[in-house]
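Some notes on the structure that comes next.
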Number of protein chains: 2
Amino acid sequence: MRRFLTHKARSLLLRTAASSTPPPYPLLPAIGFSSSSSSLLPSQYDISYLASLRSPFSSSADSMAASDSPIPLTLDTINPKVLKCEYAVRGEIVTLAQKLQQEIQENPSSHPFDEIIYCNIGNPQSLGQQPITFFREVLALCDHPAILDSSETQGLFSTDAIERAWNILDQIPGRATGAYSHSQGIKGLRDTIAASIEERDGFPADPNDIFLTDGASPAVHMMMQLLIRSEKDGILCPIPQYPLYSASIALHGGTLVPYYLDEATGWGLNISDVKKQLEAAKSKGITVRALVVINPGNPTGQVLAEDNQRALVEFCKKEGLVLLADEVYQENIYVPDKKFHSFKKISRSMGYGEKDISLVSFQSVSKGYYGECGKRGGYMEVTGFSPEIREQIYKVASVNLCSNISGQILASLVMSPPKIGDESYESYSAEKNDILSSLARRAKTLEDALNSLEGISCNKAEGAMYLFPRLHLPQKAIEAAEAAKAAPDAFYCRRLLNATGIVVVPGSGFGQVPGTWHLRCTILPQEDKIPAIVSHLTEFHEGFMDEFRD
Amino acid sequence: MRRFLTHKARSLLLRTAASSTPPPYPLLPAIGFSSSSSSLLPSQYDISYLASLRSPFSSSADSMAASDSPIPLTLDTINPKVLKCEYAVRGEIVTLAQKLQQEIQENPSSHPFDEIIYCNIGNPQSLGQQPITFFREVLALCDHPAILDSSETQGLFSTDAIERAWNILDQIPGRATGAYSHSQGIKGLRDTIAASIEERDGFPADPNDIFLTDGASPAVHMMMQLLIRSEKDGILCPIPQYPLYSASIALHGGTLVPYYLDEATGWGLNISDVKKQLEAAKSKGITVRALVVINPGNPTGQVLAEDNQRALVEFCKKEGLVLLADEVYQENIYVPDKKFHSFKKISRSMGYGEKDISLVSFQSVSKGYYGECGKRGGYMEVTGFSPEIREQIYKVASVNLCSNISGQILASLVMSPPKIGDESYESYSAEKNDILSSLARRAKTLEDALNSLEGISCNKAEGAMYLFPRLHLPQKAIEAAEAAKAAPDAFYCRRLLNATGIVVVPGSGFGQVPGTWHLRCTILPQEDKIPAIVSHLTEFHEGFMDEFRD
């Protein structure tokens with residue numbers, strides 16, 4: 001009923017609504033609302049814009065005439081940024097590995113090995129690492145809270161896991177683990193995470209600075225999306241780097257500005273080189289917006305010296321760069337003389353606060369001793385951004401509604417594991433220490449094995465999950481690679497895979513000083529497999545050198 | 001040891017590696033590899049590109065000189081696409097609601113209502129809907145497989161849930177639910193999903209066409225990213241539309257080309273209007289790449305007639321457009337005379353196969369009777385794309401590694417729920433039917449209530465989770481809104497929230513015929529709350545009309 005309408009007004013309204021051929025409303029370029037306005041203003045979308053008959057393209061309509069025939073969907077007609085993007089750790093070498101794996105399944109004697117050993121990616125549980133029991137207990141209980149009150153549950157789950165599950169459920173409005181959360185993640189979980197950051201660093205952390213995400217990758221994309229306007233915007237990245245950064249910069253159409261880590265000093269960082277690269281970029285018309293640092297390093301495994309960290313903070317502050325700190329390996333340190341210090345801690349300890357430096361720290365449940373890659377949990381801590389910019393980050397987070405709740409819960413658990421006195425503490429500690437000490441042994445064994453080989457030199461893995469040995473290849477091998485239309489390191493990796501089933505990634509996927517060749521190999525195969533890997537690798541390498549020695 | 005190197009060669013190599021100030025390698029614009037090459041070719045990244053001294057910007061270096069002083073991070077210097085993007089269902093009205101909620105918590109008598117009722121977003125479990133027991137049992141068991149063998153587990157979980165968990169674990173390499181999966185998702189789960197699509201449609205489905213995603217939103221982004229090159233690329237979208245589409249098109253820098261749903265015929269689709277809009281876009285130099293269709297409709301709730309579906313398929317085929325079919329409400333149909341038909345079924349039944357039409361179907365675990373929004377599970381079925389393009393989609397999926405495994409498992413469960421004869425079938429069926437029949441009743445009650453109000457007309461919700469009533473507002477109200485610098489519908493929604501605590505979204509967030517005003521209200525509050533909502537809404541509306549009646 002539309003009692004208030006006059007007959008005339010009503011028929012007019014109905015006619016408008018009923019019209020199946022509305023007037024030719026102009027097109028909406030990147031439709032949107034005036035998002036900087038703080039009130040519920042009419043948007044250009046449905047008033048000034050849609051109602052107006054001016055075309056946004058009328059001024060440039062003649063600059064491009066669309067063809068009348070359909071545009072076929074080919075590599076030439078898709079977004080060229082997608083085409084440019086590359087992601088070596090799941091690139092062609094992995095496609096080849098998957099093919100071989102299928103061949104082995106179909107015919108076990110088709111290759112000179114029984115299985116494919118995936119050392120291409122930091123995916124510990126795929127290679128047999130077991131999840132931390134306490135974490136999985138809590139996740140299971142939160143997934144099916146109906147069993148929390150049953151007596152059988154007491155027998156199946158530890159008391160503190162049950163308690164933690166109750167605590168977490170109480171933090172979720174309506175205990176609804178199946179509901180979208182706040183776009184930044186469940187507030188109570190962010191409280192827990194902020195408290196543990198505070199404990200870790202000795203400086204305050206604010207739950208409103210935490211954005212829970214489906215792993216670190218979407219968080220990195222979000223920041224690149226915010227910062228990059230065009231190829232004239234640059235992001236300083238270490239070389240070698242984790243290809244998420246190059247891929248994300250490519251997808252968002254920016255320019256990667258490289259700074260080189262120094263292999264000869266254990267992948268050390270030389271701030272004067274970073275400055276030089278910034279100046280070179282500026283002189284080419286690039287506006288550098290941010291600097292990426294990965295600590296502990298991926299693929300390089302070094303743990304940054306505090307001096308280096310301070311120099312980077314000083315540099316970013318002075319140059320007005322956003323510091324994007326990939327700190328996902330903060331729990332993976334294998335040498336007694338190195339410790340993890342977050343960039344937030346470093347900058348706060350230098351006296352720099354919110355107003356001095358824009359800083360984003362990325363953390364993930366996929367790494368550490370937990371290695372829960374499949375759970376897609378993580379967070380970024382965003383400090384030193386103005387409220388207006390924060391609102392924009394929040395808006396972009398909102399478009400995807402929220403990250404998955406299990407991943408959110410797990411992110412709070414890894415930052416706040418059982419404590420001394422909790423029922424699970426002892427078993428939790430044992431599981432954690434077993435994994436970390438075994439990783440340290442595996443890193444050392446593989447490093448030693450690589451360094452014992454002719455023409456290979458390998459820095460120590462102080463942290464993270466990788467070795468990045470350098471291949472000093474004979475000229476004949478380089479020529480053979482050229483003849484095979486492959487980069488020498490890709491040629492080597494492909495040969496290694498075909499001979500042994502071991503999958504490693506060529507250094508070219510990470511970037512390297514031109515004319516040098518590397519590979520990245522994870523330290524993740526289970527310890528009982530390491531001797532066989534070493535012997536297969538050694539045998540292959542000796543054969544390779546015999547074939548190509550100059 | 002580097003036995004093969006001569007002393008000279010060795011010192012040369014070491015000097016290169018040791019150099020802490022490498023030569024000024026040129027910058028890397030959107031670094032990447034020749035991704036169209038099928039072999040492990042040397043990439044431009046580290047050979048032709050990095051080694052060359054040509055600058056990619058030398059030709060345009062003079063066109064823009066970067067300032068020497070830092071660029072501040074302001075709304076003027078971030079990516080303007082981010083600024084343009086808007087997402088009304090979590091927009092300003094929700095920010096206001098959160099503020100009111102906090103005020104109520106601090107002072108329960110601060111507002112004339114006890115609670116905020118969020119009808120802004122399809123988030124059933126946040127409003128008290130309980131998850132389907134069987135699904136949660138399986139998820140919990142997959143999260144903590146260690147309990148699968150315990151005798152207590154038999155008492156706590158249904159037999160078929162235990163069996164299903166084993167089946168799923170057996171489909172995961174190494175039973176590792178904590179490992180990254182294949183970038184498209186676990187193969188066995190994709191097999192299950194493909195089989196159930198086949199059963200649903202009566203036409204073959206291929207597991208290799210399935211990409212499991214963290215809900216439908218990232219899948220939509222992935223396709224927009226692939227298709228949009230610049231603002232000259234257009235995407236046909238229904239108006240009104242779900243703002244994910246406008247937001248995603250804005251973020252990727254394209255142009256939304258609207259086609260209007262006809263309110264007078266129950267939000268019917270008129271293919272001649274779609275054609276007209278395409279032609280208008282072409283004449284303005286826009287290359288239209290794809291057409292979005294949402295069936296059942298969001299926010300409009302209609303279920304498309306088969307005739308309409310066929311006409312859209314024919315149109316997309318003829319015009320070479322990718323058909324992006326949002327089919328996340330396929331289980332939400334409340335009228336006996338309508339049925340869901342997937343666009344794939346429609347196109348196959350018209351005789352169109354892989355070579356005839358590029359078609360993407362989006363599905364999500366967030367909707368249906370399950371409403372598992374927090375789990376972030378979903379998939380897209382991608383058919384009719386060439387292998388080269390498919391490879392590009394796979395590559396982009398790979399950059400984020402994989403979607404969360406619990407969401408993947410849940411996506412397989414909702415597509416393959418318990419069957420007659422399974423232990424859980426009866427309780428599963430009862431839970432499902434209770435939810436769906438209650439949703440149908442709620443839709444009808446709210447629709448009737450809205451239609452009984454002066455100046456409101458509301459089409460039937462045949463499906464989905466929303467009503468999209470039209471507000472025929474008195475001129476005085478429109479003037480009051482103008483004075484308050486708000487769109488009339490936003491003005492109304494804000495007033496409603498302040499008076500009743502009910503959160504609905506103004507139609508301007510979805511798009512509407514200019515000069516018409518709407519709001520979107522979910523049908524999701526629990527049934528026992530509906531009478532109070534109706535009476536508060538009625539009371540508010542009568543007061544509003546009394547205040548502003550012309």
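We name chains A, B, ... following the order of the structure tokens; residues begin at 1 in each chain, and ligands are numbered from 1 as shown.
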
Checklist line | alpha helix (DSSP H) positions in range 319-534 of chain B, given as a PyMOL selection string | finding: chain B and resi 319+343-349+387-399+405-415+425-451+475-483+488-500+530-534

Notebook entry, point to check: What lies within 10 Å of Ala464 in chain B using only C-alpha atoms, ignoring chain neighbours under 3 positions off, as JSON, numbers by chain?
Noted result: {"B": [122, 294, 295, 296, 297, 298, 299, 300, 301, 302, 303, 327, 328, 329, 330, 331, 332, 333, 334, 367, 368, 439, 443, 461, 467, 522, 523]}

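CA of Tyr242 in chain A to CA of Asp326 in chain A spans 9.9 Å [interatomic distance, one decimal].
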
Notebook entry, point to check: Near Tyr118 in chain A, counting only C-alpha atoms, which residues have an atom at most 9 Å away, once you skip same-chain residues fewer than 3 positions from it, shown as a ChimeraX atom specification?
Noted result: /A:94,97,121,123,126-127,501-504,522,524-525

What would the file look like if the residues just selected were written as a PDB file, in the first residue's frame with C-alpha atoms?
ATOM      1  CA  VAL A  94      56.891 -28.148  -9.608  1.00  0.00           C
ATOM      2  CA  ALA A  97      57.620 -32.817 -10.402  1.00  0.00           C
ATOM      3  CA  ILE A 121      58.324 -24.835  -0.485  1.00  0.00           C
ATOM      4  CA  ASN A 123      55.361 -26.860   3.854  1.00  0.00           C
ATOM      5  CA  SER A 126      53.415 -32.215   3.827  1.00  0.00           C
ATOM      6  CA  LEU A 127      56.736 -33.893   4.650  1.00  0.00           C
ATOM      7  CA  GLY A 501      63.141 -36.926  -7.418  1.00  0.00           C
ATOM      8  CA  ILE A 502      64.357 -34.039  -5.240  1.00  0.00           C
ATOM      9  CA  VAL A 503      62.532 -30.775  -6.023  1.00  0.00           C
ATOM     10  CA  VAL A 504      64.450 -27.549  -5.385  1.00  0.00           C
ATOM     11  CA  THR A 522      64.100 -26.422   2.270  1.00  0.00           C
ATOM     12  CA  LEU A 524      62.084 -29.800   5.935  1.00  0.00           C
ATOM     13  CA  PRO A 525      62.321 -33.466   4.914  1.00  0.00           C
TER      14      PRO A 525
END

Check: Which of these residues is nearest to Trp166 in chain A, using only C-alpha atoms: A:Leu139, A:His111, A:Glu263, A:Thr74?
Finding: A:Leu139

Next item on the list: Name the closest residue to chain A among the candidates B:Cys402, B:Ile104, B:Ala161, B:Ala250; distances are taken between atoms, counting only C-alpha atoms.
Entry: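 Nearest to chain A: B:Ala250.
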
Checklist line | Proximity to chain B - best of A:Asp337, A:Glu381, A:Glu527, A:Glu391, only C-alpha atoms | finding: A:Glu391

Notebook entry, point to check: Out of A:Thr213, A:Thr287, A:Ser109, A:Asn459, which residue has the shortest atom-to-atom distance to chain B when counting only C-alpha atoms?
Noted result: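 Answer, going by the shortest atom-to-atom distance: A:Thr287.
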
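Residues surrounding Asp160 in chain B within 10 Å are Phe134, Glu137, Val138, Phe157, Ser158, Ile162, Glu163, Arg164, Ala165, Trp166, Pro418, Asp422, Glu423, Ser424 and Tyr425 of chain B [only C-alpha atoms; sequence separation below 2 positions excluded].
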
Close residues, Thr500 in chain A itself excluded, 12 Å, only C-alpha atoms, min 3 positions apart in chain, as a PDB file with N, CA and C atoms, in the first residue's frame:
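So result-v2.pdb came out as:
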ATOM      1  N   ALA A  97      57.615 -31.856 -11.509  1.00  0.00           N
ATOM      2  CA  ALA A  97      57.620 -32.817 -10.402  1.00  0.00           C
ATOM      3  C   ALA A  97      56.276 -33.549 -10.310  1.00  0.00           C
ATOM      4  N   LEU A 100      56.117 -36.178 -12.943  1.00  0.00           N
ATOM      5  CA  LEU A 100      56.911 -37.354 -12.591  1.00  0.00           C
ATOM      6  C   LEU A 100      56.200 -38.189 -11.531  1.00  0.00           C
ATOM      7  N   GLN A 101      55.598 -37.489 -10.552  1.00  0.00           N
ATOM      8  CA  GLN A 101      54.901 -38.194  -9.483  1.00  0.00           C
ATOM      9  C   GLN A 101      53.781 -39.072 -10.045  1.00  0.00           C
ATOM     10  N   HIS A 111      61.061 -44.348 -13.082  1.00  0.00           N
ATOM     11  CA  HIS A 111      62.136 -43.386 -12.806  1.00  0.00           C
ATOM     12  C   HIS A 111      63.111 -44.001 -11.801  1.00  0.00           C
ATOM     13  N   PRO A 112      64.319 -43.489 -11.748  1.00  0.00           N
ATOM     14  CA  PRO A 112      65.321 -44.083 -10.846  1.00  0.00           C
ATOM     15  C   PRO A 112      65.110 -43.693  -9.380  1.00  0.00           C
ATOM     16  N   PHE A 113      63.884 -43.425  -8.957  1.00  0.00           N
ATOM     17  CA  PHE A 113      63.601 -43.098  -7.554  1.00  0.00           C
ATOM     18  C   PHE A 113      62.153 -43.499  -7.255  1.00  0.00           C
ATOM     19  N   ASP A 114      61.860 -43.665  -5.960  1.00  0.00           N
ATOM     20  CA  ASP A 114      60.535 -44.160  -5.569  1.00  0.00           C
ATOM     21  C   ASP A 114      59.532 -43.043  -5.308  1.00  0.00           C
ATOM     22  N   GLU A 115      60.055 -41.878  -4.953  1.00  0.00           N
ATOM     23  CA  GLU A 115      59.122 -40.813  -4.576  1.00  0.00           C
ATOM     24  C   GLU A 115      59.715 -39.446  -4.915  1.00  0.00           C
ATOM     25  N   ILE A 116      58.811 -38.474  -4.994  1.00  0.00           N
ATOM     26  CA  ILE A 116      59.212 -37.082  -5.188  1.00  0.00           C
ATOM     27  C   ILE A 116      59.381 -36.470  -3.799  1.00  0.00           C
ATOM     28  N   ILE A 117      60.524 -35.833  -3.575  1.00  0.00           N
ATOM     29  CA  ILE A 117      60.741 -35.167  -2.286  1.00  0.00           C
ATOM     30  C   ILE A 117      60.668 -33.662  -2.515  1.00  0.00           C
ATOM     31  N   TYR A 118      59.587 -33.087  -2.022  1.00  0.00           N
ATOM     32  CA  TYR A 118      59.311 -31.675  -2.294  1.00  0.00           C
ATOM     33  C   TYR A 118      60.094 -30.775  -1.335  1.00  0.00           C
ATOM     34  N   TYR A 492      70.258 -27.140 -13.900  1.00  0.00           N
ATOM     35  CA  TYR A 492      70.763 -27.999 -12.822  1.00  0.00           C
ATOM     36  C   TYR A 492      69.597 -28.591 -12.023  1.00  0.00           C
ATOM     37  N   CYS A 493      68.646 -27.761 -11.653  1.00  0.00           N
ATOM     38  CA  CYS A 493      67.527 -28.221 -10.822  1.00  0.00           C
ATOM     39  C   CYS A 493      66.681 -29.257 -11.557  1.00  0.00           C
ATOM     40  N   ARG A 494      66.498 -29.050 -12.842  1.00  0.00           N
ATOM     41  CA  ARG A 494      65.706 -29.992 -13.621  1.00  0.00           C
ATOM     42  C   ARG A 494      66.423 -31.337 -13.715  1.00  0.00           C
ATOM     43  N   ARG A 495      67.734 -31.268 -13.940  1.00  0.00           N
ATOM     44  CA  ARG A 495      68.535 -32.489 -13.975  1.00  0.00           C
ATOM     45  C   ARG A 495      68.464 -33.233 -12.642  1.00  0.00           C
ATOM     46  N   LEU A 496      68.585 -32.450 -11.550  1.00  0.00           N
ATOM     47  CA  LEU A 496      68.533 -33.039 -10.200  1.00  0.00           C
ATOM     48  C   LEU A 496      67.193 -33.753  -9.978  1.00  0.00           C
ATOM     49  N   LEU A 497      66.129 -33.088 -10.356  1.00  0.00           N
ATOM     50  CA  LEU A 497      64.787 -33.675 -10.185  1.00  0.00           C
ATOM     51  C   LEU A 497      64.657 -34.964 -10.992  1.00  0.00           C
ATOM     52  N   VAL A 503      63.002 -32.019  -5.399  1.00  0.00           N
ATOM     53  CA  VAL A 503      62.532 -30.775  -6.023  1.00  0.00           C
ATOM     54  C   VAL A 503      63.109 -29.575  -5.269  1.00  0.00           C
ATOM     55  N   VAL A 504      63.954 -28.811  -5.939  1.00  0.00           N
ATOM     56  CA  VAL A 504      64.450 -27.549  -5.385  1.00  0.00           C
ATOM     57  C   VAL A 504      64.169 -26.457  -6.420  1.00  0.00           C
ATOM     58  N   ALA A 532      69.596 -40.222   3.001  1.00  0.00           N
ATOM     59  CA  ALA A 532      69.368 -40.640   1.612  1.00  0.00           C
ATOM     60  C   ALA A 532      69.394 -39.431   0.675  1.00  0.00           C
ATOM     61  N   ILE A 533      68.804 -38.339   1.115  1.00  0.00           N
ATOM     62  CA  ILE A 533      68.812 -37.132   0.277  1.00  0.00           C
ATOM     63  C   ILE A 533      70.250 -36.690   0.023  1.00  0.00           C
ATOM     64  N   VAL A 534      71.049 -36.678   1.105  1.00  0.00           N
ATOM     65  CA  VAL A 534      72.451 -36.269   0.953  1.00  0.00           C
ATOM     66  C   VAL A 534      73.170 -37.186  -0.026  1.00  0.00           C
ATOM     67  N   SER A 535      72.935 -38.491   0.109  1.00  0.00           N
ATOM     68  CA  SER A 535      73.699 -39.375  -0.769  1.00  0.00           C
ATOM     69  C   SER A 535      73.216 -39.263  -2.221  1.00  0.00           C
ATOM     70  N   HIS A 536      71.914 -39.110  -2.426  1.00  0.00           N
ATOM     71  CA  HIS A 536      71.430 -38.942  -3.811  1.00  0.00           C
ATOM     72  C   HIS A 536      71.920 -37.637  -4.426  1.00  0.00           C
ATOM     73  N   LEU A 537      71.883 -36.605  -3.610  1.00  0.00           N
ATOM     74  CA  LEU A 537      72.349 -35.293  -4.080  1.00  0.00           C
ATOM     75  C   LEU A 537      73.834 -35.360  -4.442  1.00  0.00           C
ATOM     76  N   THR A 538      74.614 -35.988  -3.560  1.00  0.00           N
ATOM     77  CA  THR A 538      76.061 -36.098  -3.788  1.00  0.00           C
ATOM     78  C   THR A 538      76.347 -36.877  -5.066  1.00  0.00           C
ATOM     79  N   GLU A 539      75.660 -37.998  -5.182  1.00  0.00           N
ATOM     80  CA  GLU A 539      75.886 -38.844  -6.358  1.00  0.00           C
ATOM     81  C   GLU A 539      75.521 -38.091  -7.644  1.00  0.00           C
ATOM     82  N   PHE A 540      74.374 -37.428  -7.599  1.00  0.00           N
ATOM     83  CA  PHE A 540      73.964 -36.664  -8.776  1.00  0.00           C
ATOM     84  C   PHE A 540      74.994 -35.596  -9.097  1.00  0.00           C
ATOM     85  N   HIS A 541      75.383 -34.845  -8.045  1.00  0.00           N
ATOM     86  CA  HIS A 541      76.268 -33.714  -8.288  1.00  0.00           C
ATOM     87  C   HIS A 541      77.613 -34.163  -8.857  1.00  0.00           C
TER      88      HIS A 541
END

Next item on the list: Write out as a count of residues only each polymer residue whose atoms come within 8 Å of range 317-320 of chain B, counting only C-alpha atoms; drop sequence neighbours fewer than 5 positions from it.
Entry: 7

Notebook entry, point to check: Restricting the calculation to only C-alpha atoms, which member of A:Ala480, A:Leu212, A:Ala264, A:Ile132 is positioned closest to chain B?
Noted result: A:Ala264
